[in-house]
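I have placed the structure first, in the form of structure tokens, so that the comments after it can refer back to it.
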Amino acid sequence: MSNLQPIGIFDSGVGGTSIWREIHELLPYEKTIYLADSKNAPYGEKPIEDIKNLSRKNTEKLLDMGAKIIVVACNTATTNAIKDIRNEYAIPFIGIEPAIKPAALNTKTKTIGILATRGTLTSTLFSKTSDFYTRNINVVEVEGRGLVELIEAGDLDSPQMRSHLLRLLEPFLVNKIDYLVLGCSHYPYLIPILKELLPKDVIIIDSGEAVARQTKSILNENNLLITEAPSQKPIPEFFSNTNPKVLENLTEAEKNGYKVSYLDF
């Protein structure tokens with residue numbers, strides 16, 4: 001395997017571009033390929049076997065494209081499928097989990113909120129992580145039902161999104177959380193609205209930076225990291241199996257010169 005091969009990234013749609021952005025910022029010399037499985041979004045409401053099979057499908061497509069490492073930029077796929085695909089494929093995988101640890105360690109009120117999909121909240125891996133770090137801490141869990149669909153439609157700042165978010169945030173407000181953990185890679189796109197709707201002292205955290213640092217670390221351990229600027233700057237490639245317009249808008253592809261294409265996978 002060559003260090004010149006791309007970093008592969010997949011998610012159940014466009015949300016994982018929030019993870020891609022952190023990786024691209026930290027590792028600008030690396031070529032990246034992103035798969036948006038929007039046709040099957042959201043994963044969070046699917047049976048576990050379906051999530052595993054979709055993760056295998058995405059993995060195999062990225063391997064066909066020459067990926068040297070695969071970032072599972074989806075909380076639901078990580079918590080439900082990454083153990084299986086790590087056992088089945090001879091390539092490093094990076095997963096993404098809700099950033100429960102920093103919230104639990106730093107909370108002053110001893111009450112934190114977690115906004116995530118049902119698939120993440122009900123997974124064994126999530127339960128183990130939460131139980132380990134949140135002893136003696138009140139954890140308010142809210143399923144972000146309907147949010148992924150609105151984001152996939154490019155509906156980030158509409159009256160419908162705001163009213164829906166207000167309903168979902170009510171348990172956090174009632175319980176006076178001081179940290180909100182975002183447990184879905186789609187949700188960082190809601191941070192501007194969340195900051196408006198939540199009290200000023202609530203700190204919002206997601207896993208993007210940690211995933212980027214871990215990606216760099218694993219590449220380095222496997223001698224797959226590009227450490228010098230290439231003669232030509234690599235152009236990120238994005239593929240969607242539905243209309244790629246939302247993906248184009250979120251990545252500002254035209255302005256940045258990125259390649260965004262439709263791909264049937």
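Residues in the structure tokens are numbered from 1 in each chain, the chains being A, B, ... in the order shown, and ligands are numbered from 1 in the order shown.
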Region 189-203 of chain A environment, 7 Å, only C-alpha atoms, sequence neighbours closer than 3 positions dropped, as a compact mmCIF listing (two decimals) with N, CA, C and O atoms, in the first residue's frame:
```txt
# COMPACT_ATOMS: atom_id res chain seq x y z
N LEU A 156 -31.26 24.01 6.58
CA LEU A 156 -30.49 24.25 7.80
C LEU A 156 -31.02 25.39 8.66
O LEU A 156 -30.82 25.40 9.87
N ILE A 177 -28.63 21.57 31.46
CA ILE A 177 -27.33 21.01 31.08
C ILE A 177 -26.31 22.13 30.90
O ILE A 177 -26.68 23.27 30.61
N ASP A 178 -25.02 21.80 31.06
CA ASP A 178 -23.98 22.79 30.73
C ASP A 178 -23.09 22.33 29.58
O ASP A 178 -22.27 23.09 29.08
N TYR A 179 -23.25 21.06 29.15
CA TYR A 179 -22.56 20.54 27.96
C TYR A 179 -23.57 19.82 27.08
O TYR A 179 -24.41 19.05 27.60
N LEU A 180 -23.48 20.06 25.78
CA LEU A 180 -24.29 19.32 24.82
C LEU A 180 -23.35 18.57 23.88
O LEU A 180 -22.55 19.19 23.17
N HIS A 186 -23.96 14.74 11.22
CA HIS A 186 -24.76 15.77 10.56
C HIS A 186 -24.93 17.01 11.46
O HIS A 186 -25.07 18.13 10.96
```
With only C-alpha atoms counted and 10 Å as the cut-off, give the residues of region 107-182 of chain A in contact with region 72-78 of chain A, each with its shortest interatomic distance in Å and the pair that gives it, as a tab-separated table.
```
residue	atom	partner	partner_atom	distance
A:Ala116	CA	A:Asn75	CA	8.4
A:Thr117	CA	A:Thr76	CA	7.3
A:Arg118	CA	A:Thr76	CA	8.3
A:Gly119	CA	A:Thr76	CA	5.4
A:Thr120	CA	A:Thr76	CA	4.8
A:Leu121	CA	A:Thr76	CA	8.6
A:Thr122	CA	A:Thr76	CA	9.5
A:Ser123	CA	A:Thr76	CA	8.0
A:Leu125	CA	A:Thr78	CA	8.7
A:Phe126	CA	A:Asn75	CA	9.3
A:Leu182	CA	A:Asn75	CA	9.8
```
Rank A:Glu97, A:Glu88, A:Glu149, A:Asp64 by their smallest atom-to-atom distance to Tyr43 (chain A), using only C-alpha atoms, and report the top residue only.
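Once distances to Tyr43 (chain A) are computed over only C-alpha atoms, the minimum belongs to A:Glu149.
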Name the residues of region 86-160 of chain A that come out as strand (DSSP E or B) in a backbone DSSP run; write them as a VMD selection string.
chain A and resid 93 to 94 111 to 116 138 to 143
Dump N, CA and C atoms for the selected residues as a PDB file, in the first residue's frame?
```pdb
ATOM      1  N   PHE A  93      -9.233   1.341  10.079  1.00  0.00           N
ATOM      2  CA  PHE A  93     -10.494   2.065  10.147  1.00  0.00           C
ATOM      3  C   PHE A  93     -10.443   3.052  11.314  1.00  0.00           C
ATOM      4  N   ILE A  94     -10.980   4.231  11.087  1.00  0.00           N
ATOM      5  CA  ILE A  94     -11.153   5.224  12.145  1.00  0.00           C
ATOM      6  C   ILE A  94     -12.646   5.407  12.359  1.00  0.00           C
ATOM      7  N   THR A 111     -24.676  17.689  34.874  1.00  0.00           N
ATOM      8  CA  THR A 111     -25.767  17.325  33.969  1.00  0.00           C
ATOM      9  C   THR A 111     -25.349  17.653  32.545  1.00  0.00           C
ATOM     10  N   ILE A 112     -25.266  16.631  31.689  1.00  0.00           N
ATOM     11  CA  ILE A 112     -24.888  16.841  30.293  1.00  0.00           C
ATOM     12  C   ILE A 112     -25.986  16.307  29.382  1.00  0.00           C
ATOM     13  N   GLY A 113     -26.040  16.843  28.189  1.00  0.00           N
ATOM     14  CA  GLY A 113     -27.015  16.400  27.207  1.00  0.00           C
ATOM     15  C   GLY A 113     -26.339  15.708  26.043  1.00  0.00           C
ATOM     16  N   ILE A 114     -27.011  14.733  25.475  1.00  0.00           N
ATOM     17  CA  ILE A 114     -26.516  14.049  24.279  1.00  0.00           C
ATOM     18  C   ILE A 114     -27.631  14.034  23.246  1.00  0.00           C
ATOM     19  N   LEU A 115     -27.360  14.629  22.094  1.00  0.00           N
ATOM     20  CA  LEU A 115     -28.298  14.641  20.977  1.00  0.00           C
ATOM     21  C   LEU A 115     -27.750  13.680  19.932  1.00  0.00           C
ATOM     22  N   ALA A 116     -28.480  12.598  19.661  1.00  0.00           N
ATOM     23  CA  ALA A 116     -27.965  11.559  18.774  1.00  0.00           C
ATOM     24  C   ALA A 116     -29.114  10.828  18.097  1.00  0.00           C
ATOM     25  N   ASN A 138     -25.762  13.170  35.650  1.00  0.00           N
ATOM     26  CA  ASN A 138     -27.077  13.060  35.023  1.00  0.00           C
ATOM     27  C   ASN A 138     -26.915  13.247  33.517  1.00  0.00           C
ATOM     28  N   VAL A 139     -27.265  12.228  32.759  1.00  0.00           N
ATOM     29  CA  VAL A 139     -27.142  12.280  31.300  1.00  0.00           C
ATOM     30  C   VAL A 139     -28.541  12.357  30.690  1.00  0.00           C
ATOM     31  N   VAL A 140     -28.796  13.452  29.974  1.00  0.00           N
ATOM     32  CA  VAL A 140     -30.089  13.641  29.322  1.00  0.00           C
ATOM     33  C   VAL A 140     -29.925  13.287  27.849  1.00  0.00           C
ATOM     34  N   GLU A 141     -30.531  12.189  27.432  1.00  0.00           N
ATOM     35  CA  GLU A 141     -30.408  11.720  26.052  1.00  0.00           C
ATOM     36  C   GLU A 141     -31.656  12.110  25.252  1.00  0.00           C
ATOM     37  N   VAL A 142     -31.437  12.671  24.075  1.00  0.00           N
ATOM     38  CA  VAL A 142     -32.549  13.032  23.189  1.00  0.00           C
ATOM     39  C   VAL A 142     -32.260  12.490  21.796  1.00  0.00           C
ATOM     40  N   GLU A 143     -33.227  11.775  21.257  1.00  0.00           N
ATOM     41  CA  GLU A 143     -33.108  11.286  19.877  1.00  0.00           C
ATOM     42  C   GLU A 143     -33.450  12.422  18.907  1.00  0.00           C
TER      43      GLU A 143
END
```
Using only C-alpha atoms, which protein or nucleic acid residues come within 7 Å of region 4-13 of chain A? Drop anything in the same chain fewer than 4 positions from it, and give the result as a ChimeraX atom specification.
/A:30-38,40-43,58,62,66-74,152
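Remark: for Gly208 (chain A), the closest of the candidate residues A:Thr79, A:Ser130, A:Thr109, A:Thr17 is A:Thr17 (distances computed over only C-alpha atoms).
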Give me, as a list in words, all polymer residues having an atom no more than 12 Å from Glu221 (chain A), counting only C-alpha atoms and skipping those fewer than 5 positions away in the same chain.
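The neighbour list is Asn3, Ile69, Pro92, Gln214, Thr215 and Lys216 of chain A.
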Could you write out the selected residues, including all heavy atoms, as a tab-separated table (two decimals), in the first residue's frame?
```
chain	number	residue	atom	x	y	z
A	3	ASN	N	1.57	5.50	0.38
A	3	ASN	CA	1.05	6.67	1.11
A	3	ASN	C	0.39	7.66	0.17
A	3	ASN	O	-0.30	8.59	0.61
A	3	ASN	CB	2.16	7.34	1.92
A	3	ASN	CG	3.24	7.97	1.06
A	3	ASN	OD1	3.38	7.66	-0.13
A	3	ASN	ND2	4.02	8.84	1.65
A	69	ILE	N	-6.88	4.06	4.01
A	69	ILE	CA	-7.47	4.07	5.33
A	69	ILE	C	-8.92	4.52	5.15
A	69	ILE	O	-9.22	5.25	4.20
A	69	ILE	CB	-6.71	5.03	6.28
A	69	ILE	CG1	-7.19	4.90	7.73
A	69	ILE	CG2	-6.83	6.47	5.81
A	69	ILE	CD1	-6.32	5.67	8.73
A	92	PRO	N	-6.76	-0.09	7.90
A	92	PRO	CA	-7.10	0.64	9.13
A	92	PRO	C	-8.45	1.37	9.00
A	92	PRO	O	-8.76	1.94	7.95
A	92	PRO	CB	-5.96	1.65	9.28
A	92	PRO	CG	-4.86	1.16	8.39
A	92	PRO	CD	-5.52	0.44	7.27
A	214	GLN	N	-6.75	11.43	15.27
A	214	GLN	CA	-6.59	9.98	15.27
A	214	GLN	C	-6.24	9.46	13.87
A	214	GLN	O	-5.42	8.54	13.73
A	214	GLN	CB	-7.86	9.31	15.79
A	214	GLN	CG	-7.82	7.79	15.84
A	214	GLN	CD	-6.88	7.23	16.89
A	214	GLN	OE1	-6.15	7.96	17.55
A	214	GLN	NE2	-6.86	5.91	17.03
A	215	THR	N	-6.84	10.04	12.85
A	215	THR	CA	-6.53	9.66	11.47
A	215	THR	C	-5.06	9.91	11.18
A	215	THR	O	-4.36	9.05	10.62
A	215	THR	CB	-7.41	10.44	10.48
A	215	THR	OG1	-8.80	10.19	10.77
A	215	THR	CG2	-7.13	10.03	9.05
A	216	LYS	N	-4.57	11.08	11.56
A	216	LYS	CA	-3.15	11.39	11.35
A	216	LYS	C	-2.26	10.41	12.09
A	216	LYS	O	-1.25	9.92	11.55
A	216	LYS	CB	-2.86	12.82	11.82
A	216	LYS	CG	-1.42	13.24	11.61
A	216	LYS	CD	-1.17	14.67	12.06
A	216	LYS	CE	0.29	15.08	11.83
A	216	LYS	NZ	0.53	16.49	12.25
```
Residue with smallest distance to Leu105 (chain A) - pool A:Arg86, A:Arg213, A:Arg135, A:Lys61, counting only C-alpha atoms:
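That would be A:Arg135, the residue with the smallest distance to Leu105 (chain A).
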Could you jot down the CA of Lys83 (chain A) to CA of Gly95 (chain A) separation for me, Å, one decimal place?
9.7 Å
Determine which residues of region 20-220 of chain A DSSP labels as alpha helix (DSSP H) from the backbone of this structure, then write them out as a PyMOL selection string.
chain A and resi 20-26+48-64+75-88+100-106+118-121+124-133+147-152+159-175+191-197+208-220
Quick one: residues within 9 Å of Glu49 (chain A), only C-alpha atoms counted, chain neighbours fewer than 4 positions away excluded, as a list in words?
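Residues meeting the cut-off are Asn53, Leu54, Asn80 and Ala81 of chain A.
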One-decimal distance in Å that lies between CA of Pro234 (chain A) and CA of Val260 (chain A)
14.1 Å
